[in-house]
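Undergrad: Following this message is one structure expressed as structure tokens.
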Amino acid sequence: MKKIRLAAACILLLSAMVLQGCSGNDHGLDPDKPITLTLWHYYSGSQKQAFDELVDEFNETQGKKQGISVDAVAKGSISNISADLKSSLEKKVNAPELPNIFAAYGDTAEDMEKAEKLVSINDYMSDEEMAEYVDDYMKDGSLHDHAYVNIFPIAKATEVMVINKNIWDEFAKKENVKLSDLDTWEGLARVSEKYYTYSGGKAFFARDALMNYLNAGSEQLGTPLFSITGHTGSFTVSRETMRKLWDQYYVPFVKGYYAKNGRFASDDMKTEDVVACVSSSAGATFFPKEIVRDDGTGYAVEYIVRGVPNFEGKKSYAITQGAGMAVSKSDEAHEYASIQFLKWFT
């Protein structure tokens, strides 16, 4: 009986070795018969240029070795990507084919998951490879606390406070204010009031993404805006918390200490409508190196970059954001190739 079991085990082992020898670890890839991956992204300007250069580099190096070619398509915005994905899923007339890789936030990825069109990143990456990435970023890509990851972290951003150092230095010296005064929202409001008087009625501060202020601020004040259980979310708004958030943002805004004239806070920095702003760290390239005034005079601007203010005596919170990349279900070769590109890219 032992000999029979041993023979059976040997046959199984040999069979496995033969199958492995036939398929190898290439998952169907063949450098002599390259496959093309379609990738939808939303990058523009310098980001698009940098992304396209990296895609070209992959295609000419690692992609060429493995038989993978990536075709990157700029869709303009995340909302455009979501709309085209929806059209594809609903098989509308003239809808584009589903891409192999697409930029996604959780809501977009969730629609794909419901349609059973979303690949689990874990299927094509080892635990050791997964561990090389920031754990919290990987958790962000796990829908509804699944044990697997659906959204691959590509680029993450947080918020920062950016200050025009040229103007700040002169103002701070004359009015005896310090950078540490900007550590809190309460301190920022006091400094902004001083600057309003000092400048003859100019605003000091602007910010992007008001929702981030409300979200992080409510966390700091002990009453989060939302509570999420499984697939269900509900508002948990506190009147006291909202009053505090109002007093430290809208009241200074109404008084003229804060402003928001351009589409982005960096636009108001360019025109000297404000001296400081809170914006995404991803917007660094949009801040000017030189500021030109209405009278034609200009100067090379320097910046101070600091953390976002918090409420006095409260635990600090910071927002992280940024779309990742998700992979559509297709066949083993295209799915594996998609993960190979994302690993190389990151």
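Numbering starts fresh at 1 for the residues of each chain in the structure tokens, the chains themselves are lettered A, B, ... in the order given, and ligands are numbered from 1 as they appear.
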Env of segment 25-30 of chain A: 10 Å cut, atoms = only C-alpha atoms, seq-sep filter 2 positions within chain, self excluded. Answer as a list in words.
TA: Gln20, Gly21, Cys22, Ser23, Asp32, Lys33, Pro34, Ile35, Lys64, Lys65, Gln66, Gly67, Ile68, Tyr124, Asp331, Glu332, Ala333, His334, Glu335, Tyr336 and Ala337 of chain A
Undergrad: Include C-alpha atoms and write out the residues we just selected as a tab-separated table (two decimals), in the first residue's frame.
TA:
```tsv
chain	number	residue	atom	x	y	z
A	20	GLN	CA	4.91	24.12	-14.93
A	21	GLY	CA	7.45	23.50	-17.66
A	22	CYS	CA	4.82	24.14	-20.31
A	23	SER	CA	3.34	27.32	-18.84
A	32	ASP	CA	7.55	37.57	-30.12
A	33	LYS	CA	3.78	38.13	-29.96
A	34	PRO	CA	3.34	41.26	-27.79
A	35	ILE	CA	-0.06	42.18	-26.41
A	64	LYS	CA	9.62	44.81	-24.84
A	65	LYS	CA	11.31	42.02	-22.89
A	66	GLN	CA	7.98	40.57	-21.71
A	67	GLY	CA	5.86	41.24	-24.77
A	68	ILE	CA	3.74	44.05	-23.28
A	124	TYR	CA	-0.85	38.36	-9.32
A	331	ASP	CA	-7.81	37.01	-19.62
A	332	GLU	CA	-4.82	35.82	-17.64
A	333	ALA	CA	-2.21	37.26	-19.99
A	334	HIS	CA	-3.71	40.78	-20.04
A	335	GLU	CA	-4.43	40.80	-16.31
A	336	TYR	CA	-0.93	39.61	-15.43
A	337	ALA	CA	0.62	42.07	-17.90
```
Undergrad: Excluding same-chain residues fewer than 5 positions from segment 165-181 of chain A, what lies within 12 Å of it counting only C-alpha atoms, as number ranges by chain?
TA: A: 186-199, 204-205, 269, 272-276, 290-291, 298-312
Undergrad: Would you output that residue set with C-alpha atoms, as a PDB file, in the first residue's frame?
TA:
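Result written to out-v6.pdb:
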```
ATOM      1  CA  GLU A 186      -7.568  80.040  15.692  1.00  0.00           C
ATOM      2  CA  GLY A 187      -4.059  81.445  15.286  1.00  0.00           C
ATOM      3  CA  LEU A 188      -4.458  81.750  11.517  1.00  0.00           C
ATOM      4  CA  ALA A 189      -7.615  83.832  11.974  1.00  0.00           C
ATOM      5  CA  ARG A 190      -5.796  86.189  14.365  1.00  0.00           C
ATOM      6  CA  VAL A 191      -2.843  86.585  11.996  1.00  0.00           C
ATOM      7  CA  SER A 192      -5.193  87.148   9.049  1.00  0.00           C
ATOM      8  CA  GLU A 193      -6.990  89.912  10.943  1.00  0.00           C
ATOM      9  CA  LYS A 194      -3.656  91.610  11.622  1.00  0.00           C
ATOM     10  CA  TYR A 195      -2.670  91.338   7.966  1.00  0.00           C
ATOM     11  CA  TYR A 196      -6.030  92.789   6.893  1.00  0.00           C
ATOM     12  CA  THR A 197      -5.305  95.903   8.938  1.00  0.00           C
ATOM     13  CA  TYR A 198      -1.625  95.992   8.001  1.00  0.00           C
ATOM     14  CA  SER A 199      -2.310  95.736   4.242  1.00  0.00           C
ATOM     15  CA  PHE A 204      -4.357  86.759   3.942  1.00  0.00           C
ATOM     16  CA  PHE A 205      -5.567  83.213   3.304  1.00  0.00           C
ATOM     17  CA  MET A 269      -1.324  83.353  -4.794  1.00  0.00           C
ATOM     18  CA  GLU A 272      -1.178  88.389  -4.575  1.00  0.00           C
ATOM     19  CA  ASP A 273      -4.859  88.297  -3.606  1.00  0.00           C
ATOM     20  CA  VAL A 274      -3.674  86.202  -0.654  1.00  0.00           C
ATOM     21  CA  VAL A 275      -0.354  85.554   1.067  1.00  0.00           C
ATOM     22  CA  ALA A 276      -0.985  81.971   2.197  1.00  0.00           C
ATOM     23  CA  GLU A 290       7.747  84.774 -10.448  1.00  0.00           C
ATOM     24  CA  ILE A 291       4.904  87.109  -9.562  1.00  0.00           C
ATOM     25  CA  GLY A 298       7.637  91.617 -10.601  1.00  0.00           C
ATOM     26  CA  TYR A 299       9.853  89.539  -8.364  1.00  0.00           C
ATOM     27  CA  ALA A 300      11.127  86.000  -7.940  1.00  0.00           C
ATOM     28  CA  VAL A 301       8.908  84.490  -5.269  1.00  0.00           C
ATOM     29  CA  GLU A 302      10.060  82.159  -2.500  1.00  0.00           C
ATOM     30  CA  TYR A 303       7.741  79.886  -0.567  1.00  0.00           C
ATOM     31  CA  ILE A 304       7.435  78.481   2.916  1.00  0.00           C
ATOM     32  CA  VAL A 305       5.672  75.102   3.035  1.00  0.00           C
ATOM     33  CA  ARG A 306       4.129  73.942   6.308  1.00  0.00           C
ATOM     34  CA  GLY A 307       1.570  71.532   7.649  1.00  0.00           C
ATOM     35  CA  VAL A 308      -2.133  72.377   7.591  1.00  0.00           C
ATOM     36  CA  PRO A 309      -3.411  74.145  10.741  1.00  0.00           C
ATOM     37  CA  ASN A 310      -5.282  72.165  13.384  1.00  0.00           C
ATOM     38  CA  PHE A 311      -7.651  73.231  16.130  1.00  0.00           C
ATOM     39  CA  GLU A 312      -6.042  74.306  19.402  1.00  0.00           C
TER      40      GLU A 312
END
```
Undergrad: For Ser46 of chain A, find every residue with an atom within 12 Å (counting only C-alpha atoms), except residues of its own chain fewer than 2 positions away, and show them as a list in words.
TA: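 Returned residues: Tyr43, Ser44, Lys48, Gln49, Ala50, Phe51, Asp52, Glu53, Ala282, Gly283, Ala284, Thr285 and Phe286 of chain A.
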Undergrad: Using only N, CA, C and O atoms, please write the residues we just selected to a file, as a CSV table (one decimal), in the first residue's frame.
TA:
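out_33.csv, written as the output of this step:
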```csv
chain,number,residue,atom,x,y,z
A,43,TYR,N,-4.6,62.5,-16.4
A,43,TYR,CA,-3.5,63.4,-16.2
A,43,TYR,C,-3.5,64.5,-17.3
A,43,TYR,O,-3.9,64.2,-18.5
A,44,SER,N,-3.0,65.7,-17.0
A,44,SER,CA,-2.9,66.7,-18.0
A,44,SER,C,-1.6,67.5,-17.7
A,44,SER,O,-1.0,67.4,-16.7
A,48,LYS,N,0.8,64.7,-17.4
A,48,LYS,CA,0.6,63.9,-18.6
A,48,LYS,C,1.9,63.6,-19.3
A,48,LYS,O,2.2,62.5,-19.8
A,49,GLN,N,2.7,64.7,-19.5
A,49,GLN,CA,4.0,64.6,-20.2
A,49,GLN,C,4.9,63.6,-19.5
A,49,GLN,O,5.5,62.7,-20.1
A,50,ALA,N,5.0,63.7,-18.1
A,50,ALA,CA,5.8,62.8,-17.4
A,50,ALA,C,5.3,61.4,-17.4
A,50,ALA,O,6.1,60.4,-17.6
A,51,PHE,N,4.0,61.2,-17.4
A,51,PHE,CA,3.4,59.9,-17.5
A,51,PHE,C,3.7,59.2,-18.8
A,51,PHE,O,4.1,58.1,-18.9
A,52,ASP,N,3.5,60.0,-19.9
A,52,ASP,CA,3.7,59.5,-21.2
A,52,ASP,C,5.1,59.0,-21.4
A,52,ASP,O,5.4,58.0,-22.1
A,53,GLU,N,6.1,59.8,-20.9
A,53,GLU,CA,7.5,59.5,-21.0
A,53,GLU,C,7.8,58.2,-20.3
A,53,GLU,O,8.6,57.3,-20.8
A,282,ALA,N,0.0,67.9,-4.5
A,282,ALA,CA,0.1,67.6,-6.0
A,282,ALA,C,0.1,68.8,-6.8
A,282,ALA,O,0.4,68.8,-8.0
A,283,GLY,N,-0.3,70.0,-6.2
A,283,GLY,CA,-0.4,71.2,-7.0
A,283,GLY,C,0.9,72.0,-7.0
A,283,GLY,O,0.9,73.2,-7.4
A,284,ALA,N,2.0,71.5,-6.5
A,284,ALA,CA,3.2,72.2,-6.3
A,284,ALA,C,3.7,72.9,-7.6
A,284,ALA,O,4.2,74.0,-7.7
A,285,THR,N,3.5,72.1,-8.8
A,285,THR,CA,4.0,72.6,-10.0
A,285,THR,C,3.2,73.8,-10.6
A,285,THR,O,3.6,74.5,-11.5
A,286,PHE,N,2.0,74.1,-9.9
A,286,PHE,CA,1.2,75.2,-10.4
A,286,PHE,C,1.5,76.5,-9.7
A,286,PHE,O,0.9,77.6,-10.1
```
Undergrad: Considering only C-alpha atoms, can you say which of A:Pro99, A:Ile163, A:Ala323, A:Thr241 comes closest to Ile78 of chain A?
TA: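 Closest to Ile78 of chain A, using only C-alpha atoms: A:Ala323.
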Undergrad: What lies within 10 Å of segment 217-223 of chain A using only C-alpha atoms, ignoring chain neighbours under 4 positions off, as a PyMOL selection string?
TA: chain A and resi 185+211-213+227+236-242+244-245+309-318
